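Listing of upload-v7.txt, compact mmCIF, C-alpha atoms
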```txt
# COMPACT_ATOMS: atom_id res chain seq x y z
CA MET S 1 113.10 124.02 94.13
CA SER S 2 114.44 122.47 90.94
CA SER S 3 112.15 120.77 88.46
CA THR S 4 113.64 117.34 89.23
CA GLN S 5 113.11 117.94 92.92
CA ASP S 6 109.59 119.11 92.23
CA ARG S 7 108.77 116.03 90.12
CA ILE S 8 110.16 113.61 92.69
CA SER S 9 108.40 115.41 95.51
CA ARG S 10 105.09 115.47 93.62
CA LEU S 11 105.42 111.78 92.72
CA MET S 12 106.10 110.86 96.33
CA HIS S 13 103.21 113.05 97.49
CA GLY S 14 100.88 111.40 94.97
CA ILE S 15 101.91 107.90 96.05
CA ALA S 16 101.44 108.79 99.73
CA SER S 17 98.03 110.33 98.99
CA ILE S 18 96.86 107.28 97.06
CA ALA S 19 98.05 105.03 99.90
CA LEU S 20 96.12 107.14 102.44
CA VAL S 21 92.92 106.99 100.40
CA ALA S 22 93.34 103.25 99.82
CA MET S 23 93.92 102.69 103.53
CA MET S 24 90.76 104.61 104.40
CA LEU S 25 88.72 102.75 101.77
CA VAL S 26 89.87 99.37 103.10
CA VAL S 27 88.93 100.33 106.66
CA VAL S 28 85.54 101.73 105.61
CA ALA S 29 84.81 98.67 103.45
CA ASP S 30 85.89 96.34 106.24
CA VAL S 31 83.67 98.03 108.82
CA ALA S 32 80.70 98.35 106.45
CA LEU S 33 80.88 94.76 105.19
CA ARG S 34 81.35 93.45 108.70
CA PHE S 35 78.35 95.45 109.94
CA ILE S 36 75.99 94.86 107.01
CA PHE S 37 76.88 91.33 105.82
CA ASN S 38 79.01 90.03 108.72
CA THR S 39 81.79 89.42 106.17
CA PRO S 40 84.97 91.42 106.79
CA VAL S 41 87.48 92.22 104.05
CA ARG S 42 89.98 89.37 103.84
CA GLY S 43 93.46 90.73 104.49
CA ALA S 44 92.33 94.13 105.72
CA TYR S 45 94.97 94.13 108.47
CA ASP S 46 97.78 93.43 105.99
CA LEU S 47 96.49 95.91 103.43
CA VAL S 48 96.17 98.71 105.98
CA SER S 49 99.69 97.92 107.24
CA VAL S 50 101.16 98.12 103.73
CA PHE S 51 99.30 101.33 102.87
CA LEU S 52 100.39 102.90 106.15
CA LEU S 53 104.01 101.99 105.42
CA ILE S 54 103.73 103.53 101.95
CA MET S 55 102.04 106.65 103.29
CA VAL S 56 104.71 107.25 105.91
CA PHE S 57 107.82 106.54 103.86
CA PHE S 58 106.59 108.37 100.78
CA GLY S 59 104.97 111.21 102.72
CA ILE S 60 108.03 112.43 104.60
CA GLY S 61 110.01 113.46 101.51
CA PRO S 62 107.55 116.08 100.20
CA VAL S 63 107.38 117.69 103.64
CA ILE S 64 111.16 118.03 103.70
CA ALA S 65 111.28 119.21 100.08
CA ARG S 66 108.84 122.05 100.79
CA ASN S 67 110.54 123.06 104.05
CA ALA S 68 107.18 122.36 105.69
CA GLU S 69 108.37 120.72 108.87
CA ILE S 70 106.81 121.94 112.08
CA LEU S 71 108.36 125.32 112.76
CA ILE S 72 108.41 126.88 116.19
CA ASP S 73 109.36 130.51 115.72
CA LEU S 74 110.51 130.97 119.27
CA PHE S 75 113.71 132.81 118.32
CA ASP S 76 112.68 134.31 114.97
CA ARG S 77 111.66 137.68 116.38
CA VAL S 78 114.59 138.15 118.74
CA ALA S 79 117.56 136.40 117.13
CA PRO S 80 119.71 138.05 114.48
CA ALA S 81 119.40 136.81 110.90
CA THR S 82 122.81 135.13 111.05
CA VAL S 83 121.72 133.00 114.00
CA LEU S 84 118.50 132.01 112.20
CA ILE S 85 120.48 131.04 109.09
CA PHE S 86 122.79 128.96 111.25
CA LEU S 87 119.81 127.25 112.92
CA ARG S 88 118.15 126.48 109.58
CA ARG S 89 121.35 125.03 108.18
CA THR S 90 121.88 122.99 111.33
CA ALA S 91 118.31 121.68 111.14
CA ALA S 92 118.77 120.69 107.49
CA ILE S 93 122.01 118.87 108.28
CA GLY S 94 120.29 117.19 111.23
CA THR S 95 117.40 116.09 109.01
CA LEU S 96 119.80 114.57 106.50
CA ALA S 97 121.68 112.83 109.33
CA VAL S 98 118.48 111.37 110.76
CA VAL S 99 117.38 110.07 107.36
CA LEU S 100 120.80 108.50 106.79
CA PHE S 101 120.77 106.97 110.27
CA LEU S 102 117.27 105.59 109.70
CA GLY S 103 118.38 103.97 106.45
CA TRP S 104 121.52 102.57 108.02
CA SER S 105 119.61 101.12 110.97
CA MET S 106 117.07 99.49 108.62
CA VAL S 107 119.64 97.45 106.67
CA ASP S 108 120.20 94.59 109.14
CA PRO S 109 116.51 93.95 109.90
CA ALA S 110 115.77 94.04 106.17
CA PHE S 111 118.44 91.45 105.42
CA ASP S 112 117.16 89.32 108.29
CA ALA S 113 113.63 89.47 106.89
CA TYR S 114 114.97 88.36 103.51
CA ARG S 115 117.24 85.63 104.91
CA TYR S 116 114.83 84.07 107.37
CA GLY S 117 111.64 84.61 105.45
CA GLY S 118 108.37 85.33 107.12
CA ASN S 119 105.00 86.10 105.68
CA SER S 120 102.28 88.58 106.49
CA LEU S 121 99.54 87.46 108.87
CA GLU S 122 96.47 87.31 106.64
CA LEU S 123 97.56 87.41 102.99
CA GLY S 124 100.84 85.53 103.35
CA PHE S 125 103.03 87.74 101.17
CA PRO S 126 106.76 87.86 101.99
CA VAL S 127 107.60 90.48 104.61
CA TRP S 128 110.86 91.47 102.93
CA TRP S 129 108.82 93.21 100.22
CA LEU S 130 107.72 95.70 102.86
CA TRP S 131 111.38 96.51 103.44
CA VAL S 132 111.86 97.07 99.70
CA ILE S 133 108.95 99.52 99.69
CA ALA S 134 110.36 101.28 102.76
CA PHE S 135 113.81 101.62 101.18
CA ILE S 136 112.36 103.03 97.96
CA GLY S 137 110.44 105.64 99.96
CA LEU S 138 113.48 106.34 102.12
CA ALA S 139 115.63 106.85 99.01
CA GLY S 140 113.19 109.52 97.84
CA THR S 141 113.22 111.09 101.29
CA LEU S 142 117.02 111.07 101.27
CA TRP S 143 117.02 112.78 97.88
CA CYS S 144 114.53 115.40 99.07
CA SER S 145 116.48 116.11 102.27
CA LEU S 146 119.76 116.39 100.37
CA ARG S 147 118.22 118.78 97.85
CA ALA S 148 116.61 120.80 100.67
CA LEU S 149 119.99 121.11 102.37
CA ILE S 150 121.57 122.31 99.12
CA GLU S 151 118.77 124.87 98.65
CA ILE S 152 119.18 126.14 102.22
CA LEU S 153 122.95 126.45 101.79
CA LYS S 154 122.52 128.31 98.48
CA ASN S 155 119.76 130.66 99.65
CA ASN S 156 121.26 131.79 102.95
CA GLY S 157 118.97 129.79 105.19
CA GLY S 158 115.92 129.01 103.07
CA ARG S 159 112.79 130.54 104.59
CA GLU S 160 112.11 134.21 104.50
CA SER S 161 112.60 135.85 107.88
```

If you took the structure in this file and wrote it as structure tokens, what would it be?
Amino acid sequence: MSSTQDRISRLMHGIASIALVAMMLVVVADVALRFIFNTPVRGAYDLVSVFLLIMVFFGIGPVIARNAEILIDLFDRVAPATVLIFLRRTAAIGTLAVVLFLGWSMVDPAFDAYRYGGNSLELGFPVWWLWVIAFIGLAGTLWCSLRALIEILKNNGGRES
């Protein structure tokens, strides 16, 4: 993994981790304040939604960058190395295709959210900002999947057999 790839992956991982911790803290604070003082956290639903979005879109890239997707080694012991290399390359190309398709399919709803407005339920912030966050995370995921594909193509399949 190149140093640029490593920095981007670590940055995305850090952002996703902070979002996860923030999401948990909001939920714990909401439950505790509701139980103890009967005063829930204002906007907890919106905050948890935003942190979940950040966690998901920034958390996928580091998984792809580390080649840490769920691996089922059903064929690893019986298939020849050339078949395994072909499968790894095919999986990397498929991952890149799925990320590209996801981005492409998000464009129209994002423009609609910007054009027609709409605000979050509790805090009232514009919903199109959520799409901006998602596209930033998806751009990092696209970069990570492209770099992972290049690494797999250069290293004859990536993982050690």

Practice problem: Skip range 90-102 of chain S itself and residues of its chain fewer than 6 positions away, then list as a list in words all residues within 8 Å of it, counting all atoms listed in the file. | Solution: Leu138, Thr141, Leu142, Ser145, Leu146, Ala148, Leu149 and Ile152 of chain S

Keeping only C-alpha atoms, write those residues as an mmCIF file, keeping the file's coordinate frame.
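New file out03.cif:
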```
data_model
loop_
_atom_site.group_PDB
_atom_site.id
_atom_site.type_symbol
_atom_site.label_atom_id
_atom_site.label_comp_id
_atom_site.auth_asym_id
_atom_site.auth_seq_id
_atom_site.Cartn_x
_atom_site.Cartn_y
_atom_site.Cartn_z
ATOM 1 C CA LEU S 138 113.480 106.340 102.120
ATOM 2 C CA THR S 141 113.220 111.090 101.290
ATOM 3 C CA LEU S 142 117.020 111.070 101.270
ATOM 4 C CA SER S 145 116.480 116.110 102.270
ATOM 5 C CA LEU S 146 119.760 116.390 100.370
ATOM 6 C CA ALA S 148 116.610 120.800 100.670
ATOM 7 C CA LEU S 149 119.990 121.110 102.370
ATOM 8 C CA ILE S 152 119.180 126.140 102.220
#
```

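With distances restricted to all atoms listed in the file, S:Ala139 is the closest residue to Gly103 in chain S from S:Val132, S:Ala139, S:Val31, S:Gly118.
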
Quiz item: Which value, in Å to one decimal, gives the distance between CA of Ala113 in chain S and CA of Val41 in chain S?
Solution: 26.4 Å

Exercise. Can you work out the spacing between CA of Ala19 in chain S and CA of Phe125 in chain S in Å, to one decimal?
Key: 18.0 Å

Using all atoms of range 104-117 of chain S listed in the file and a margin of 6 Å per side, can you give the axis-aligned box centre and edge lengths in Å to one decimal, as AutoDock Vina command-line options?
```
--center_x 116.6 --center_y 93.3 --center_z 107.2 --size_x 21.9 --size_y 30.5 --size_z 19.5
```

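For Pro40 in chain S, the list of residues within 6 Å, based on all atoms listed in the file and with local chain neighbours fewer than 2 positions off taken out, reads Asp30, Leu33 and Arg34 of chain S.
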
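Atom pair CA of Met106 in chain S / CA of Phe135 in chain S has a distance of 8.4 Å (rounded to one decimal).
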
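Nearest residue to Val127 in chain S, choosing from S:Val56, S:Val63, S:Val50, S:Leu87 and counting only C-alpha atoms: S:Val50.
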
Would you mind putting back all heavy atoms on range 99-110 of chain S, then writing it out as a short mmCIF file (atom, residue, chain, number, x, y, z; two decimals), keeping the file's coordinate frame?
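Output file rebuild-v7.cif follows:
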```cif
data_model
loop_
_atom_site.label_atom_id
_atom_site.label_comp_id
_atom_site.auth_asym_id
_atom_site.auth_seq_id
_atom_site.Cartn_x
_atom_site.Cartn_y
_atom_site.Cartn_z
N VAL S 99 117.81 110.93 108.46
CA VAL S 99 117.38 110.07 107.36
C VAL S 99 118.46 109.03 107.05
O VAL S 99 118.15 107.85 106.85
CB VAL S 99 117.03 110.92 106.11
CG1 VAL S 99 116.79 110.04 104.90
CG2 VAL S 99 115.81 111.78 106.39
N LEU S 100 119.71 109.45 107.03
CA LEU S 100 120.80 108.50 106.79
C LEU S 100 120.88 107.46 107.90
O LEU S 100 121.06 106.26 107.64
CB LEU S 100 122.14 109.25 106.67
CG LEU S 100 122.35 110.02 105.38
CD1 LEU S 100 123.59 110.90 105.49
CD2 LEU S 100 122.47 109.06 104.21
N PHE S 101 120.74 107.90 109.15
CA PHE S 101 120.77 106.97 110.27
C PHE S 101 119.61 105.98 110.19
O PHE S 101 119.78 104.79 110.45
CB PHE S 101 120.74 107.71 111.60
CG PHE S 101 120.69 106.79 112.79
CD1 PHE S 101 121.82 106.11 113.18
CD2 PHE S 101 119.50 106.61 113.48
CE1 PHE S 101 121.78 105.24 114.27
CE2 PHE S 101 119.45 105.75 114.56
CZ PHE S 101 120.59 105.05 114.96
N LEU S 102 118.43 106.47 109.84
CA LEU S 102 117.27 105.59 109.70
C LEU S 102 117.54 104.52 108.64
O LEU S 102 117.27 103.33 108.87
CB LEU S 102 116.04 106.42 109.34
CG LEU S 102 114.72 105.67 109.21
CD1 LEU S 102 114.33 105.01 110.52
CD2 LEU S 102 113.63 106.63 108.76
N GLY S 103 118.06 104.93 107.50
CA GLY S 103 118.38 103.97 106.45
C GLY S 103 119.42 102.96 106.89
O GLY S 103 119.29 101.75 106.65
N TRP S 104 120.45 103.45 107.55
CA TRP S 104 121.52 102.57 108.02
C TRP S 104 121.00 101.56 109.04
O TRP S 104 121.35 100.39 109.02
CB TRP S 104 122.65 103.41 108.60
CG TRP S 104 123.76 102.63 109.19
CD1 TRP S 104 124.67 101.86 108.53
CD2 TRP S 104 124.10 102.54 110.57
NE1 TRP S 104 125.55 101.30 109.41
CE2 TRP S 104 125.23 101.71 110.68
CE3 TRP S 104 123.56 103.11 111.73
CZ2 TRP S 104 125.80 101.41 111.89
CZ3 TRP S 104 124.16 102.81 112.93
CH2 TRP S 104 125.26 101.97 113.01
N SER S 105 120.13 102.01 109.93
CA SER S 105 119.61 101.12 110.97
C SER S 105 118.56 100.15 110.43
O SER S 105 118.21 99.19 111.10
CB SER S 105 119.06 101.92 112.14
OG SER S 105 117.97 102.70 111.73
N MET S 106 118.05 100.39 109.23
CA MET S 106 117.07 99.49 108.62
C MET S 106 117.72 98.34 107.85
O MET S 106 117.04 97.35 107.55
CB MET S 106 116.17 100.28 107.66
CG MET S 106 115.17 101.17 108.35
SD MET S 106 114.30 102.30 107.23
CE MET S 106 113.77 101.26 105.90
N VAL S 107 119.00 98.43 107.54
CA VAL S 107 119.64 97.45 106.67
C VAL S 107 119.65 96.06 107.29
O VAL S 107 119.23 95.08 106.65
CB VAL S 107 121.07 97.91 106.30
CG1 VAL S 107 121.84 96.81 105.60
CG2 VAL S 107 121.01 99.15 105.42
N ASP S 108 120.12 95.92 108.52
CA ASP S 108 120.20 94.59 109.14
C ASP S 108 118.83 93.91 109.30
O ASP S 108 118.69 92.74 108.93
CB ASP S 108 120.91 94.67 110.50
CG ASP S 108 122.42 94.79 110.35
OD1 ASP S 108 122.95 94.46 109.26
OD2 ASP S 108 123.07 95.22 111.32
N PRO S 109 117.82 94.61 109.82
CA PRO S 109 116.51 93.95 109.90
C PRO S 109 115.95 93.57 108.53
O PRO S 109 115.28 92.54 108.39
CB PRO S 109 115.61 94.98 110.58
CG PRO S 109 116.52 95.91 111.28
CD PRO S 109 117.80 95.90 110.51
N ALA S 110 116.25 94.37 107.51
CA ALA S 110 115.77 94.04 106.17
C ALA S 110 116.44 92.78 105.65
O ALA S 110 115.77 91.90 105.08
CB ALA S 110 116.03 95.21 105.22
#
```
